Number of protein chains: 2
Amino acid sequence: MSSIKTEIRTGAYYDSVILMQLQRSLADLPKVIEAGVVMATEANKDLLDQIGLLVAEIKGAKADDLVIVIKAENEKAARSAIEQVDDLVAARRSRDTAGQDFLPKSLESAAKMLPDAKWTLISVPGRYAAGVSREALRLGTHVFLYSDNVSLEEEIDLKKKGAEKGLLVMGPDCGTAIINGVGLGFANQVLRGSIGMVAASGTGLQQVSVRIHQLGSGLTHALGTGGRDLTSRVGGLTARMGLELLNRDPETKVIVLVSKPPDPEAADGIINFARRLSKPVVINFIGYGSNLHQIDNLHFTTTFDETAAAAVKLAADFELPQQEEDLPLDQFNSGQRYLRGLFSGGTLAYEALLILAYYLPNVYSNVPINKEYRLKNSLVSQGHTIVDLGEDEFTVGRLHPMMDHELRIRRLEAEAEDPETALIFLDVVLGYGSHPDPAAELVPAIKAVRSKANKAGRYLEVVTVLSGTDADPQDMKSQEEQFLKAGARVFHSNDNAVRFTGRLLRALEGNKGQENNGSFTPVDLESLTGEFSAINVGLESFAESLFAQNVSVVQVDWKPAAGGDADLMALLEKMKR
Amino acid sequence: MSSIKTEIRTGAYYDSVILMQLQRSLADLPKVIEAGVVMATEANKDLLDQIGLLVAEIKGAKADDLVIVIKAENEKAARSAIEQVDDLVAARRSRDTAGQDFLPKSLESAAKMLPDAKWTLISVPGRYAAGVSREALRLGTHVFLYSDNVSLEEEIDLKKKGAEKGLLVMGPDCGTAIINGVGLGFANQVLRGSIGMVAASGTGLQQVSVRIHQLGSGLTHALGTGGRDLTSRVGGLTARMGLELLNRDPETKVIVLVSKPPDPEAADGIINFARRLSKPVVINFIGYGSNLHQIDNLHFTTTFDETAAAAVKLAADFELPQQEEDLPLDQFNSGQRYLRGLFSGGTLAYEALLILAYYLPNVYSNVPINKEYRLKNSLVSQGHTIVDLGEDEFTVGRLHPMMDHELRIRRLEAEAEDPETALIFLDVVLGYGSHPDPAAELVPAIKAVRSKANKAGRYLEVVTVLSGTDADPQDMKSQEEQFLKAGARVFHSNDNAVRFTGRLLRALEGNKGQENNGSFTPVDLESLTGEFSAINVGLESFAESLFAQNVSVVQVDWKPAAGGDADLMALLEKMKR
């Protein structure tokens, strides 16, 4: 008849590799049917229950108790297995020190053994992890923090300390990173290349890096941040430091940012930050439905495959340095600031509003996307304004403004008189049905208002989009020449015309919107590009991986101070601060 | 001293071209300073006010009163101008019949003059437009309805009538279309090519078609629907008929669908409809933040430029017919239906949930995107399930499932026992830090459960994604061979693996989700591809445009029946039904 024996150890510390291997060793003993070696959490108790091992003693155990349970063919075999636990643990321990003659007992002595170490990998249980991380920061190393179950408060505290000293805190719950070709934690052996990554998610980063490799391209560095970095409370501090660092790295041409969808506030913050970088950034906030797929240097993607493909394409196409755009900012006088868009095409107006939302804080309209910005009176502009003159309110008993320019010319004159107007936007839709010669009507009006403004000491930018083809009856080429002669700027794509308008007026506004939350000391580029060496505390397999990659690593023979007693540990740490 | 004279005409009908030209003729008379000829809407009164012409008599006029107002240098000149109104209108009328000897007075006689006409263009004032459209449908022609101010009820009624007869009702408020190279209303002269369009928006369609031309590609046909077609009440009836028609058109390789963002319900309906077509469809619901940029044959874009570029690229790449995918649907027994995804990578699980949302109605998880689908118990699957075994609940005091497969193998065995399980999904993350030989543990388990299921009369599909590179320490190639030998399907991209899973299980479910709201008689393809000829009622410039494009057109000398009296008109129309 089978027999079940259990042992419960309270307050003991073993790392999870030892527990797994102990369980396997026990299960392999003669006449043992099933063995469980787990912390007594509710989930683990459920699991023991499923395999018939949840006996009465275990039900009462607490989450930080270690439970050993053996089901054997008879009582003797079960008892014998339990009795071998300590021997098996000891045997395992003695096999552990592969490649290292001496294991330092503390981070401090590890740092003395390897004074060039710039990185500390930490994978001790969560309740000890913040203390070890603080120690690592004190010693001046970046922290790769694999441990989970670290509180949000501890995370914020660690990241602030790191930001002050220009040290990265990747994690908690950071599974992966690649520094100068060296994989930390879970990481794939990928080709070196010109794509840098910052990622909140572990397997997301791995999958994208693997797909980049599969496409024949490669990575410079990949920095993990931990899954909570892009919440509004942490504010993406590690992500910002990482983005700024990769932006300075001369080998990185394109940056990829991957995360589950952040809080809207944190998303806005990190998007604005990324937008000020000089390199293209491919952003995959998995399932984040952005209204534009591309804005300035930012490219939004949805799946990992799409992200990898976009990054590879950009890395192939992109050439630094970008040509600076020549914006006539000096020409305007100080009072000029507003856009006045006078549209005949309703959907062109709609697309303009959509795109401008990424450039200007508020644009009023008679056809607003957001009702808050509805013009009080469609006949009178306020601030930045886009009017759709083809709306019903303007066209009852009147020809559409694509055929009859009278109303638009009157409005053009009114806007040009306004000393706050900086830029007037006109769409000119060519083709059948439209006015046979729009330039004949609009160009003299443009000339007149620009010259009048000029006399009043103002510079009036007129942006036109000629929407038509070279086969249209109006003769596109001659239309274009006439608009150019009147000093108007001519585009053939509404998209391009509106983005130009957005860039110009945004620049004219100055960088008022540039908040600087999350200021930090920039990370020394040498931390990435110099020779990699590290201290490892916790899972020995991480040290073994580094060893296999031929880099210097010191494993610390770490045990919780004060035998893991929380009060005593807190006291000890206080004394060190 | 200047003088203002006005005249108000009640219940008179003039088309807007006549009003515009009358205003210009009056303004050109000697000593006339300013002239206004408008319907007395509030907006128009405001406009008159802005130029100092809103005198007391006009303030009291109603929206369907015609107001003529003249400001001249003296009273005599003002009065003389007013007296010339009727002569100027008559003179204009006699110039109108360019290219046509005889103007029929009714649609019916126009149809007799041009019996091959398949299209009627209607641009009479809104209050008359529905009646004229009904007449055109009675005569068996498709309707291009430019008029606005047609009620939603009239629109629904017209579209239902059209759907019964296989006739398109494009509009109301439809500005543009291209049929077999012929531009209707506002339309550009674009290259012929292999891209077909369906669009709710006028200038949106024009801008995309123009950009396609600028990129050197071209269009087959472009069908307008009017701006309200994609509301839930109209249900996209014209859009569906148009999509279905273009899907049958042998010249069309790629379809583009453009609209302002539809109601969510209408958007879902039209997306599902488009997804069942056999051709790629590029969808631009301007500013519609879709969670995936591509799903099956659908490609979501945000701006007109992006839309044109995507369509051109697809038209260049796409080859009909598509290879049918070989899905092992016959192998399953009738009770098998569910997905069980056992993930070690949290973000891979997240991406899977995101993508599957487009394939399966509800997938339960311990890490659901939508909280409604949270598993009651993470240890027990329900329906389609995706479990992230790397979540904290499973990893306290235990190695991550990327290193230790024990928990996952137990779960695999449990899922395989469930007679409703059809497909088991496993991610296998290779690389440093991960298990050194996942196949050694997972493959025997997969073999065992597949063989056991087989004995029980079930076919178990096992889909694995090997996330890694050929340089990873596990030897990707040998791993892959082992999984293949066990009868598992192997992918190297999570995206591809999940989409395959979605397609398979969706097909297994049958087409239950296929609602058929908006059924209609398919439009005769010959309407598009045959020689174009049309009847035009309203704006003569539309007939002139067709004439300039060398197609047969008959202009109707239309006036509202019963002098525009609404009651009498309703009575007359009733008699015809």
# chains A, B, ... in the order shown; residues from 1 in each chain; ligands from 1
>>> select_by_dssp(residues="region 205-247 of chain B", states="strand (DSSP E or B)", output="ChimeraX atom specification")
/B:219-224
>>> closest_atom_pairs(of="chain A", to="chain B", cutoff="7 Å", atoms="only C-alpha atoms", output="tab-separated table")
residue	atom	partner	partner_atom	distance
A:Ser16	CA	B:Arg398	CA	5.2
A:Val17	CA	B:Leu399	CA	6.5
A:Val38	CA	B:Gly397	CA	6.5
A:Met39	CA	B:Gly397	CA	5.5
A:Ala43	CA	B:Glu393	CA	6.3
A:Gly183	CA	B:Tyr432	CA	6.8
A:Gly185	CA	B:Gly433	CA	5.3
A:Phe186	CA	B:Gly433	CA	4.4
A:Ala187	CA	B:Tyr432	CA	5.1
A:Asn188	CA	B:Gly431	CA	4.1
A:Gln189	CA	B:Asp472	CA	5.0
A:Val190	CA	B:Thr469	CA	6.6
A:Ser201	CA	B:Thr347	CA	6.2
A:Thr203	CA	B:Gly345	CA	5.3
A:Gly204	CA	B:Thr347	CA	5.3
A:Gln207	CA	B:Ser467	CA	6.2
A:Val210	CA	B:Gly468	CA	5.6
A:His213	CA	B:Thr469	CA	7.0
A:Gln214	CA	B:Thr469	CA	6.9
A:Ile286	CA	B:Glu351	CA	6.8
A:Gly287	CA	B:Asn291	CA	4.4
A:Tyr288	CA	B:Asn291	CA	5.9
A:Gly289	CA	B:Gly289	CA	3.9
A:Ser290	CA	B:Gly289	CA	5.0
A:Asn291	CA	B:Gly287	CA	4.4
A:Leu292	CA	B:Thr302	CA	5.5
A:His293	CA	B:Thr302	CA	6.4
A:Thr302	CA	B:Leu292	CA	5.5
A:Thr303	CA	B:Asp495	CA	6.8
A:Asp305	CA	B:Asp495	CA	6.4
A:Gly345	CA	B:Thr203	CA	5.3
A:Gly346	CA	B:Thr203	CA	6.7
A:Thr347	CA	B:Gly204	CA	5.3
A:Leu348	CA	B:Thr203	CA	6.3
A:Glu351	CA	B:Ile286	CA	6.8
A:Leu354	CA	B:Gly287	CA	6.5
A:Glu393	CA	B:Ala43	CA	6.2
A:Phe394	CA	B:Ala43	CA	6.6
A:Val396	CA	B:Met39	CA	6.9
A:Gly397	CA	B:Met39	CA	5.5
A:Arg398	CA	B:Ser16	CA	5.1
A:Leu399	CA	B:Ser16	CA	5.5
A:Leu430	CA	B:Asn188	CA	6.8
A:Gly431	CA	B:Asn188	CA	4.2
A:Tyr432	CA	B:Ala187	CA	5.1
A:Gly433	CA	B:Phe186	CA	4.4
A:Ser434	CA	B:Phe186	CA	6.0
A:Ser467	CA	B:Gln207	CA	6.2
A:Gly468	CA	B:Val210	CA	5.6
A:Thr469	CA	B:Val210	CA	5.9
A:Ala471	CA	B:Gln189	CA	5.5
A:Asp472	CA	B:Gln189	CA	5.0
A:Asp495	CA	B:Asp305	CA	6.4
A:Ser541	CA	B:Gly433	CA	6.5
A:Phe542	CA	B:Gly433	CA	6.0
A:Ser545	CA	B:Tyr432	CA	5.9
>>> atom_distance(atom1="CA of His384 (chain B)", atom2="CA of Asn362 (chain B)")
7.0 Å
>>> residues_around(residues="region 108-120 of chain A", least_positions_apart="6", cutoff="7 Å", atoms="only C-alpha atoms", output="ChimeraX atom specification")
/A:136,141-144,527,533-536,554,556
>>> residues_around(residues="Ser80 (chain A)", least_positions_apart="5", cutoff="10 Å", atoms="only C-alpha atoms", output="ChimeraX atom specification")
/A:5,29-30,32,70,72,75,85
>>> write_last_selection(atoms="all heavy atoms", output="short mmCIF file (atom, residue, chain, number, x, y, z; two decimals), in the first residue's frame")
data_model
loop_
_atom_site.label_atom_id
_atom_site.label_comp_id
_atom_site.auth_asym_id
_atom_site.auth_seq_id
_atom_site.Cartn_x
_atom_site.Cartn_y
_atom_site.Cartn_z
N LYS A 5 4.63 10.79 2.92
CA LYS A 5 5.33 11.43 4.04
C LYS A 5 5.61 12.87 3.66
O LYS A 5 5.91 13.18 2.50
CB LYS A 5 6.67 10.73 4.32
CG LYS A 5 6.55 9.33 4.87
CD LYS A 5 6.28 9.37 6.38
CE LYS A 5 5.83 8.00 6.86
NZ LYS A 5 5.13 8.07 8.17
N LEU A 29 14.38 8.28 -6.75
CA LEU A 29 14.77 7.27 -5.77
C LEU A 29 13.92 6.01 -5.94
O LEU A 29 12.78 6.09 -6.41
CB LEU A 29 14.60 7.83 -4.34
CG LEU A 29 15.59 8.95 -3.94
CD1 LEU A 29 15.24 9.49 -2.56
CD2 LEU A 29 17.03 8.42 -3.96
N PRO A 30 14.47 4.83 -5.54
CA PRO A 30 13.73 3.58 -5.73
C PRO A 30 12.39 3.60 -4.97
O PRO A 30 12.32 4.10 -3.85
CB PRO A 30 14.66 2.50 -5.16
CG PRO A 30 15.86 3.20 -4.62
CD PRO A 30 15.80 4.64 -4.95
N VAL A 32 9.88 5.37 -5.11
CA VAL A 32 9.16 6.65 -4.97
C VAL A 32 8.24 6.81 -6.18
O VAL A 32 8.68 6.66 -7.32
CB VAL A 32 10.13 7.84 -4.85
CG1 VAL A 32 9.37 9.17 -4.98
CG2 VAL A 32 10.86 7.78 -3.51
N ILE A 70 6.44 13.21 -0.28
CA ILE A 70 6.86 12.02 -1.02
C ILE A 70 5.72 11.01 -1.00
O ILE A 70 5.15 10.72 0.06
CB ILE A 70 8.07 11.34 -0.33
CG1 ILE A 70 9.22 12.32 -0.11
CG2 ILE A 70 8.51 10.08 -1.12
CD1 ILE A 70 9.95 12.70 -1.35
N ALA A 72 5.35 7.10 -1.89
CA ALA A 72 6.19 5.95 -2.25
C ALA A 72 5.37 4.67 -2.14
O ALA A 72 4.23 4.67 -1.64
CB ALA A 72 7.41 5.89 -1.35
N GLU A 75 5.81 2.69 3.30
CA GLU A 75 6.17 3.71 4.26
C GLU A 75 7.69 3.84 4.39
O GLU A 75 8.22 4.93 4.52
CB GLU A 75 5.55 3.37 5.62
CG GLU A 75 5.47 4.60 6.52
CD GLU A 75 5.09 4.25 7.94
OE1 GLU A 75 4.33 3.27 8.12
OE2 GLU A 75 5.55 4.95 8.86
N VAL A 85 16.98 14.12 2.12
CA VAL A 85 16.88 15.49 1.61
C VAL A 85 18.17 16.28 1.81
O VAL A 85 18.74 16.85 0.86
CB VAL A 85 15.68 16.23 2.24
CG1 VAL A 85 15.77 17.74 1.99
CG2 VAL A 85 14.37 15.67 1.67
#
>>> residues_around(residues="Leu53 (chain A)", least_positions_apart="3", cutoff="10 Å", atoms="only C-alpha atoms", output="VMD selection string")
chain A and resid 4 to 6 34 to 36 45 to 50 56 58 69 to 71
>>> closest_residue(among="A:Val553, A:Ala422, A:Val462, A:Leu137", to="Gly335 (chain A)", atoms="only C-alpha atoms")
A:Ala422
>>> closest_residue(among="A:Phe102, A:Gly487, A:Glu372, A:Arg337", to="Pro419 (chain A)", atoms="only C-alpha atoms")
A:Arg337
>>> residues_around(residues="Arg240 (chain A)", least_positions_apart="5", cutoff="10 Å", atoms="only C-alpha atoms", output="list in words")
Val198, Thr225, Asp229, Leu230, Gly235, Leu245, Leu246, Gly269, Ile270, Phe273, Ala274, Gly518, Ser519, Phe520 and Pro522 of chain A
>>> atom_distance(atom1="CA of Glu531 (chain A)", atom2="CA of Leu139 (chain A)")
18.2 Å
>>> closest_residue(among="A:Val443, A:Val281, A:Ala507, A:Ala77", to="Ala315 (chain A)", atoms="only C-alpha atoms")
A:Val281
>>> select_by_dssp(residues="region 230-318 of chain B", states="helix (DSSP H, G or I)", output="NGL selection string")
:B and (237-248 or 264-275 or 304-317)
>>> closest_residue(among="B:Leu460, B:Ile283, B:Ala497, B:Ala416", to="Pro262 (chain B)", atoms="only C-alpha atoms")
B:Ile283
>>> closest_residue(among="A:Arg450, A:Lys159, A:Lys455, A:Lys31", to="Gly226 (chain A)", atoms="only C-alpha atoms")
A:Lys159
>>> atom_distance(atom1="CA of Ile255 (chain A)", atom2="CA of Ala310 (chain B)")
23.7 Å
>>> closest_residue(among="A:Arg458, A:Leu423, A:Leu88, A:Ala486", to="Asp28 (chain A)", atoms="only C-alpha atoms")
A:Leu88
